[in-house]
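Listing of target-v6.csv; format and content: CSV, C-alpha atoms.
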chain,number,residue,atom,x,y,z
L,1,MET,CA,37.1,-0.6,-32.2
L,2,ASP,CA,33.3,-0.5,-31.9
L,3,TYR,CA,33.3,-4.0,-30.6
L,4,ILE,CA,35.6,-3.1,-27.7
L,5,LYS,CA,33.6,0.0,-26.9
L,6,ASN,CA,30.4,-2.0,-27.0
L,7,LEU,CA,31.9,-4.7,-24.8
L,8,TYR,CA,32.6,-2.2,-22.0
L,9,SER,CA,29.3,-0.3,-22.3
L,10,GLY,CA,25.9,-1.0,-20.8
L,11,ARG,CA,24.9,-3.1,-17.8
L,12,ILE,CA,24.9,-6.8,-16.8
L,13,GLY,CA,22.9,-8.4,-14.0
L,14,ARG,CA,24.3,-10.4,-11.1
L,15,LYS,CA,23.5,-13.9,-12.4
L,16,ASN,CA,25.1,-13.4,-15.8
L,17,TYR,CA,28.0,-11.6,-14.2
L,18,ILE,CA,28.7,-14.5,-11.9
L,19,LEU,CA,28.2,-17.1,-14.6
L,20,GLY,CA,30.3,-15.1,-17.1
L,21,TYR,CA,33.1,-14.7,-14.6
L,22,PHE,CA,33.3,-18.5,-14.1
L,23,VAL,CA,32.9,-19.3,-17.8
L,24,PHE,CA,36.0,-17.2,-18.5
L,25,THR,CA,38.1,-18.0,-15.5
L,26,LEU,CA,37.6,-21.8,-14.9
L,27,PRO,CA,39.2,-22.9,-18.2
L,28,LEU,CA,42.1,-20.7,-17.4
L,29,LEU,CA,42.5,-22.3,-13.9
L,30,VAL,CA,42.3,-25.8,-15.5
L,31,LEU,CA,45.0,-24.8,-17.9
L,32,TYR,CA,47.1,-23.3,-15.1
L,33,PHE,CA,47.0,-26.4,-12.9
L,34,SER,CA,47.5,-28.8,-15.8
L,35,LEU,CA,50.7,-27.1,-16.8
L,36,VAL,CA,52.0,-26.4,-13.3
L,37,SER,CA,51.9,-30.0,-12.3
L,38,ASP,CA,54.9,-30.8,-14.6
L,39,THR,CA,57.9,-28.9,-13.4
L,40,GLU,CA,59.8,-29.5,-16.6
L,41,THR,CA,57.3,-27.4,-18.5
L,42,ALA,CA,57.4,-24.4,-16.1
L,43,ASP,CA,59.5,-22.2,-18.3
L,44,LEU,CA,57.4,-22.9,-21.4
L,45,PHE,CA,54.3,-22.5,-19.3
L,46,SER,CA,55.1,-19.0,-18.1
L,47,THR,CA,55.5,-17.9,-21.7
L,48,LEU,CA,52.4,-19.6,-23.1
L,49,TYR,CA,50.1,-18.8,-20.2
L,50,ILE,CA,50.3,-15.1,-20.7
L,51,ILE,CA,48.4,-15.1,-24.0
L,52,PRO,CA,45.2,-16.8,-22.7
L,53,TYR,CA,45.5,-14.8,-19.4
L,54,LEU,CA,45.5,-11.5,-21.2
L,55,LEU,CA,42.6,-12.5,-23.4
L,56,VAL,CA,40.5,-13.7,-20.4
L,57,SER,CA,41.4,-10.6,-18.4
L,58,PHE,CA,40.1,-8.4,-21.2
L,59,TYR,CA,36.7,-10.0,-21.0
L,60,VAL,CA,36.6,-10.3,-17.2
L,61,TYR,CA,37.4,-6.6,-16.9
L,62,ALA,CA,34.6,-5.8,-19.4
L,63,LEU,CA,32.2,-7.9,-17.2
L,64,MET,CA,33.3,-6.0,-14.1
L,65,VAL,CA,32.9,-2.6,-15.7
L,66,ARG,CA,29.4,-3.5,-16.9
L,67,ARG,CA,28.5,-4.8,-13.4
L,68,LEU,CA,29.7,-1.5,-11.9
L,69,HIS,CA,27.5,0.3,-14.4
L,70,ASP,CA,24.6,-1.9,-13.2
L,71,ILE,CA,25.0,-0.8,-9.6
L,72,GLY,CA,25.3,2.9,-10.7
L,73,LYS,CA,29.1,3.2,-10.4
L,74,ASN,CA,31.6,4.5,-13.0
L,75,GLY,CA,33.8,1.9,-14.7
L,76,TRP,CA,36.9,3.5,-13.3
L,77,PHE,CA,36.0,2.0,-9.9
L,78,ILE,CA,37.5,-1.2,-11.3
L,79,PHE,CA,40.9,0.1,-10.1
L,80,LEU,CA,39.8,-0.5,-6.5
L,81,MET,CA,40.3,-4.2,-7.3
L,82,ALA,CA,44.1,-3.6,-7.4
L,83,ILE,CA,44.2,-2.5,-3.7
L,84,PRO,CA,44.9,-5.4,-1.4
L,85,PHE,CA,41.9,-6.5,0.7
L,86,VAL,CA,39.8,-3.6,-0.7
L,87,GLY,CA,39.7,-5.5,-4.0
L,88,VAL,CA,38.4,-8.7,-2.4
L,89,ILE,CA,35.7,-6.8,-0.6
L,90,TYR,CA,34.7,-4.9,-3.7
L,91,PHE,CA,34.6,-8.2,-5.7
L,92,PHE,CA,32.0,-9.5,-3.2
L,93,ILE,CA,30.0,-6.2,-3.4
L,94,LEU,CA,29.8,-6.8,-7.2
L,95,LEU,CA,28.6,-10.3,-6.6
L,96,PHE,CA,25.9,-9.6,-4.1
L,97,LYS,CA,24.7,-6.0,-4.5
L,98,LYS,CA,21.3,-5.7,-6.3
L,99,SER,CA,21.0,-4.0,-9.6
L,100,GLN,CA,19.5,-0.5,-9.8
L,101,PRO,CA,15.9,-1.3,-10.7
L,102,ILE,CA,15.6,1.8,-12.9
L,103,VAL,CA,17.2,3.1,-16.0
L,104,ASN,CA,20.5,4.8,-15.1
L,105,LYS,CA,23.0,6.8,-17.1
L,106,TYR,CA,24.7,3.6,-18.3
L,107,GLY,CA,21.6,2.1,-19.9
L,108,GLU,CA,18.4,0.1,-19.4
L,109,VAL,CA,17.8,-2.4,-16.7
L,110,PRO,CA,19.3,-5.7,-17.8
L,111,ASP,CA,16.9,-7.9,-19.6
L,112,LYS,CA,16.4,-11.2,-17.7
L,113,ASN,CA,15.3,-13.0,-20.9
L,114,LYS,CA,18.5,-12.1,-22.8
L,115,LYS,CA,20.5,-15.2,-23.8
L,116,PHE,CA,23.5,-15.8,-21.6
L,117,LEU,CA,26.2,-15.6,-24.3
L,118,ASP,CA,24.6,-12.5,-25.8
L,119,ASP,CA,24.6,-10.9,-22.4
L,120,ILE,CA,28.2,-11.7,-21.4
L,121,LEU,CA,29.5,-10.7,-24.8
L,122,ASN,CA,27.1,-7.7,-24.9
L,123,ARG,CA,25.8,-8.7,-28.3
L,124,LYS,CA,22.5,-7.4,-29.6
L,125,PRO,CA,20.1,-10.2,-30.4
L,126,LEU,CA,19.2,-10.7,-34.0
L,127,SER,CA,15.6,-9.9,-34.8
L,128,ASN,CA,13.6,-12.5,-36.6
L,129,GLN,CA,13.1,-11.2,-40.1
L,130,ASP,CA,10.8,-13.0,-42.5

Kindly transcribe the structure held in the file into structure tokens.
Amino acid sequence: MDYIKNLYSGRIGRKNYILGYFVFTLPLLVLYFSLVSDTETADLFSTLYIIPYLLVSFYVYALMVRRLHDIGKNGWFIFLMAIPFVGVIYFFILLFKKSQPIVNKYGEVPDKNKKFLDDILNRKPLSNQD
């Protein structure tokens, strides 16, 4: 449970948010179009596709919540994405709005030197111990 709580806490900068979004969604789109091309597998596809979709959605929502934190907004603003047209506009706001340059109630300013995977998965880097 701590892993899930940690995944949705803290902040993520624009660059790693955009890259993380594509890292999670592009393989899902490739899977979708490869399975949709064959109409005989459409029934099986709809059943099998839901598992990776839910898994990817879990991580993409975590990225969105952390990006909202980065611009100083509460994670509950993610529900604006469900409103037609408003969700698209808000998605672009998340893409282009600059981070708050100071510490806010959600955490420190995102470290630009943090490794990409550590940042999108919100892992703490291991310290070098001798």

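Nearest residue to Asp119 in chain L among L:Val103, L:Leu63, L:Ile4, L:Met81 is L:Leu63, counting all atoms listed in the file.
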
Computed interatomic separation between CA of Gly20 in chain L and CA of Val56 in chain L (Å): 10.8 Å

Between CA of Leu54 in chain L and CA of Gly72 in chain L - distance in Å to one decimal: 26.9 Å

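The residue set within 8 Å of His69 in chain L, counting all atoms listed in the file and dropping same-chain residues fewer than 6 places from it, reads Gly10, Arg11, Ile12, Gly75 and Tyr106 of chain L.
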
Contacts of Leu121 in chain L within 12 Å, all atoms listed in the file, excl. fewer than 5 positions in-chain, as a PyMOL selection string: chain L and resi 3-12+16-17+20-21+23-24+58-63+66+114-116

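Here CA of Phe77 in chain L and CA of Phe92 in chain L stand 13.9 Å from one another.
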
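Counting only C-alpha atoms, the residue from L:Asn122, L:Asn104, L:Ser34, L:Asn113 that sits nearest to Lys73 in chain L is L:Asn104.
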
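Taking all atoms listed in the file into account, Lys98 in chain L lies nearest to L:Leu68 out of the set L:Leu31, L:Leu68, L:Ile120, L:Ala82.
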
Nearest to Leu19 in chain L by atom-to-atom distance, counting all atoms listed in the file, from L:Val109, L:Leu95, L:Ile102, L:Ile89: L:Leu95

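With only C-alpha atoms as the atoms that count, the residue of L:Gln100, L:Thr25, L:Thr47, L:Ser57 with the shortest distance to Ile71 in chain L is L:Gln100.
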
Top pick for closest residue to Asn74 in chain L, considering L:Lys105, L:Ile93, L:Tyr53, L:Leu117 and counting only C-alpha atoms: L:Lys105

Axis-aligned box over every listed atom of range 83-101 of chain L, padded by 4 Å per side: centre and edges in Å to one decimal, as lines of an AutoDock Vina configuration file?
center_x = 30.4
center_y = -5.4
center_z = -5.0
size_x = 37.0
size_y = 17.8
size_z = 19.4

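Once range 13-15 of chain L and its same-chain neighbours fewer than 5 positions away are set aside, Arg67, Asp70, Leu95, Ser99 and Pro110 of chain L remain within 7 Å of it when counting only C-alpha atoms.
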
Extract range 56-91 of chain L from the coordinates I pasted, and write it as a PDB file, in the first residue's frame (atoms kept: N, CA and C atoms).
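So the final result, stored in out_16.pdb, reads:
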ATOM      1  N   VAL L  56      -1.960   0.443 -17.279  1.00  0.00           N
ATOM      2  CA  VAL L  56      -1.412   1.688 -17.817  1.00  0.00           C
ATOM      3  C   VAL L  56      -2.169   2.890 -17.241  1.00  0.00           C
ATOM      4  N   SER L  57      -3.479   2.794 -17.145  1.00  0.00           N
ATOM      5  CA  SER L  57      -4.267   3.897 -16.592  1.00  0.00           C
ATOM      6  C   SER L  57      -3.836   4.226 -15.171  1.00  0.00           C
ATOM      7  N   PHE L  58      -3.554   3.219 -14.377  1.00  0.00           N
ATOM      8  CA  PHE L  58      -3.108   3.412 -12.996  1.00  0.00           C
ATOM      9  C   PHE L  58      -1.851   4.286 -12.949  1.00  0.00           C
ATOM     10  N   TYR L  59      -0.879   3.997 -13.800  1.00  0.00           N
ATOM     11  CA  TYR L  59       0.364   4.762 -13.814  1.00  0.00           C
ATOM     12  C   TYR L  59       0.190   6.142 -14.461  1.00  0.00           C
ATOM     13  N   VAL L  60      -0.611   6.239 -15.500  1.00  0.00           N
ATOM     14  CA  VAL L  60      -0.827   7.533 -16.152  1.00  0.00           C
ATOM     15  C   VAL L  60      -1.559   8.477 -15.198  1.00  0.00           C
ATOM     16  N   TYR L  61      -2.543   7.979 -14.457  1.00  0.00           N
ATOM     17  CA  TYR L  61      -3.236   8.827 -13.486  1.00  0.00           C
ATOM     18  C   TYR L  61      -2.281   9.280 -12.394  1.00  0.00           C
ATOM     19  N   ALA L  62      -1.371   8.412 -11.995  1.00  0.00           N
ATOM     20  CA  ALA L  62      -0.368   8.807 -10.992  1.00  0.00           C
ATOM     21  C   ALA L  62       0.505   9.938 -11.522  1.00  0.00           C
ATOM     22  N   LEU L  63       0.909   9.838 -12.794  1.00  0.00           N
ATOM     23  CA  LEU L  63       1.697  10.909 -13.396  1.00  0.00           C
ATOM     24  C   LEU L  63       0.904  12.217 -13.428  1.00  0.00           C
ATOM     25  N   MET L  64      -0.365  12.130 -13.791  1.00  0.00           N
ATOM     26  CA  MET L  64      -1.198  13.332 -13.866  1.00  0.00           C
ATOM     27  C   MET L  64      -1.368  13.980 -12.494  1.00  0.00           C
ATOM     28  N   VAL L  65      -1.583  13.176 -11.473  1.00  0.00           N
ATOM     29  CA  VAL L  65      -1.744  13.718 -10.121  1.00  0.00           C
ATOM     30  C   VAL L  65      -0.460  14.408  -9.676  1.00  0.00           C
ATOM     31  N   ARG L  66       0.680  13.778  -9.941  1.00  0.00           N
ATOM     32  CA  ARG L  66       1.948  14.393  -9.550  1.00  0.00           C
ATOM     33  C   ARG L  66       2.238  15.648 -10.356  1.00  0.00           C
ATOM     34  N   ARG L  67       1.801  15.699 -11.608  1.00  0.00           N
ATOM     35  CA  ARG L  67       1.972  16.908 -12.413  1.00  0.00           C
ATOM     36  C   ARG L  67       1.061  18.021 -11.888  1.00  0.00           C
ATOM     37  N   LEU L  68      -0.153  17.672 -11.484  1.00  0.00           N
ATOM     38  CA  LEU L  68      -1.035  18.650 -10.852  1.00  0.00           C
ATOM     39  C   LEU L  68      -0.384  19.209  -9.585  1.00  0.00           C
ATOM     40  N   HIS L  69       0.216  18.333  -8.798  1.00  0.00           N
ATOM     41  CA  HIS L  69       0.930  18.786  -7.602  1.00  0.00           C
ATOM     42  C   HIS L  69       2.041  19.763  -7.983  1.00  0.00           C
ATOM     43  N   ASP L  70       2.705  19.511  -9.087  1.00  0.00           N
ATOM     44  CA  ASP L  70       3.826  20.340  -9.515  1.00  0.00           C
ATOM     45  C   ASP L  70       3.393  21.762  -9.860  1.00  0.00           C
ATOM     46  N   ILE L  71       2.168  21.912 -10.351  1.00  0.00           N
ATOM     47  CA  ILE L  71       1.687  23.260 -10.670  1.00  0.00           C
ATOM     48  C   ILE L  71       0.860  23.841  -9.523  1.00  0.00           C
ATOM     49  N   GLY L  72       0.862  23.142  -8.378  1.00  0.00           N
ATOM     50  CA  GLY L  72       0.216  23.663  -7.175  1.00  0.00           C
ATOM     51  C   GLY L  72      -1.247  23.322  -7.023  1.00  0.00           C
ATOM     52  N   LYS L  73      -1.728  22.351  -7.781  1.00  0.00           N
ATOM     53  CA  LYS L  73      -3.146  21.971  -7.718  1.00  0.00           C
ATOM     54  C   LYS L  73      -3.307  20.643  -6.979  1.00  0.00           C
ATOM     55  N   ASN L  74      -4.475  20.465  -6.400  1.00  0.00           N
ATOM     56  CA  ASN L  74      -4.812  19.229  -5.717  1.00  0.00           C
ATOM     57  C   ASN L  74      -5.005  18.111  -6.742  1.00  0.00           C
ATOM     58  N   GLY L  75      -4.697  16.880  -6.361  1.00  0.00           N
ATOM     59  CA  GLY L  75      -4.842  15.740  -7.257  1.00  0.00           C
ATOM     60  C   GLY L  75      -6.276  15.473  -7.691  1.00  0.00           C
ATOM     61  N   TRP L  76      -7.242  15.965  -6.933  1.00  0.00           N
ATOM     62  CA  TRP L  76      -8.638  15.752  -7.288  1.00  0.00           C
ATOM     63  C   TRP L  76      -9.018  16.499  -8.573  1.00  0.00           C
ATOM     64  N   PHE L  77      -8.207  17.442  -9.000  1.00  0.00           N
ATOM     65  CA  PHE L  77      -8.461  18.132 -10.259  1.00  0.00           C
ATOM     66  C   PHE L  77      -8.385  17.175 -11.454  1.00  0.00           C
ATOM     67  N   ILE L  78      -7.888  15.969 -11.227  1.00  0.00           N
ATOM     68  CA  ILE L  78      -7.800  14.979 -12.307  1.00  0.00           C
ATOM     69  C   ILE L  78      -9.191  14.672 -12.868  1.00  0.00           C
ATOM     70  N   PHE L  79     -10.212  14.864 -12.059  1.00  0.00           N
ATOM     71  CA  PHE L  79     -11.569  14.571 -12.527  1.00  0.00           C
ATOM     72  C   PHE L  79     -12.052  15.560 -13.593  1.00  0.00           C
ATOM     73  N   LEU L  80     -11.359  16.679 -13.744  1.00  0.00           N
ATOM     74  CA  LEU L  80     -11.682  17.592 -14.845  1.00  0.00           C
ATOM     75  C   LEU L  80     -11.427  16.932 -16.201  1.00  0.00           C
ATOM     76  N   MET L  81     -10.542  15.947 -16.221  1.00  0.00           N
ATOM     77  CA  MET L  81     -10.226  15.245 -17.468  1.00  0.00           C
ATOM     78  C   MET L  81     -11.437  14.484 -18.005  1.00  0.00           C
ATOM     79  N   ALA L  82     -12.391  14.179 -17.148  1.00  0.00           N
ATOM     80  CA  ALA L  82     -13.563  13.419 -17.563  1.00  0.00           C
ATOM     81  C   ALA L  82     -14.623  14.279 -18.246  1.00  0.00           C
ATOM     82  N   ILE L  83     -14.485  15.590 -18.160  1.00  0.00           N
ATOM     83  CA  ILE L  83     -15.460  16.493 -18.769  1.00  0.00           C
ATOM     84  C   ILE L  83     -15.065  16.724 -20.230  1.00  0.00           C
ATOM     85  N   PRO L  84     -15.985  16.442 -21.163  1.00  0.00           N
ATOM     86  CA  PRO L  84     -15.650  16.651 -22.582  1.00  0.00           C
ATOM     87  C   PRO L  84     -15.162  18.077 -22.849  1.00  0.00           C
ATOM     88  N   PHE L  85     -14.188  18.195 -23.700  1.00  0.00           N
ATOM     89  CA  PHE L  85     -13.539  19.442 -24.111  1.00  0.00           C
ATOM     90  C   PHE L  85     -12.697  20.060 -22.989  1.00  0.00           C
ATOM     91  N   VAL L  86     -13.239  20.122 -21.786  1.00  0.00           N
ATOM     92  CA  VAL L  86     -12.483  20.664 -20.651  1.00  0.00           C
ATOM     93  C   VAL L  86     -11.273  19.765 -20.380  1.00  0.00           C
ATOM     94  N   GLY L  87     -11.479  18.457 -20.484  1.00  0.00           N
ATOM     95  CA  GLY L  87     -10.386  17.514 -20.252  1.00  0.00           C
ATOM     96  C   GLY L  87      -9.233  17.695 -21.220  1.00  0.00           C
ATOM     97  N   VAL L  88      -9.549  17.951 -22.473  1.00  0.00           N
ATOM     98  CA  VAL L  88      -8.503  18.165 -23.486  1.00  0.00           C
ATOM     99  C   VAL L  88      -7.732  19.439 -23.183  1.00  0.00           C
ATOM    100  N   ILE L  89      -8.448  20.488 -22.844  1.00  0.00           N
ATOM    101  CA  ILE L  89      -7.795  21.761 -22.516  1.00  0.00           C
ATOM    102  C   ILE L  89      -6.904  21.586 -21.289  1.00  0.00           C
ATOM    103  N   TYR L  90      -7.414  20.904 -20.286  1.00  0.00           N
ATOM    104  CA  TYR L  90      -6.635  20.705 -19.058  1.00  0.00           C
ATOM    105  C   TYR L  90      -5.418  19.826 -19.310  1.00  0.00           C
ATOM    106  N   PHE L  91      -5.549  18.862 -20.208  1.00  0.00           N
ATOM    107  CA  PHE L  91      -4.401  18.026 -20.579  1.00  0.00           C
ATOM    108  C   PHE L  91      -3.269  18.898 -21.134  1.00  0.00           C
TER     109      PHE L  91
END
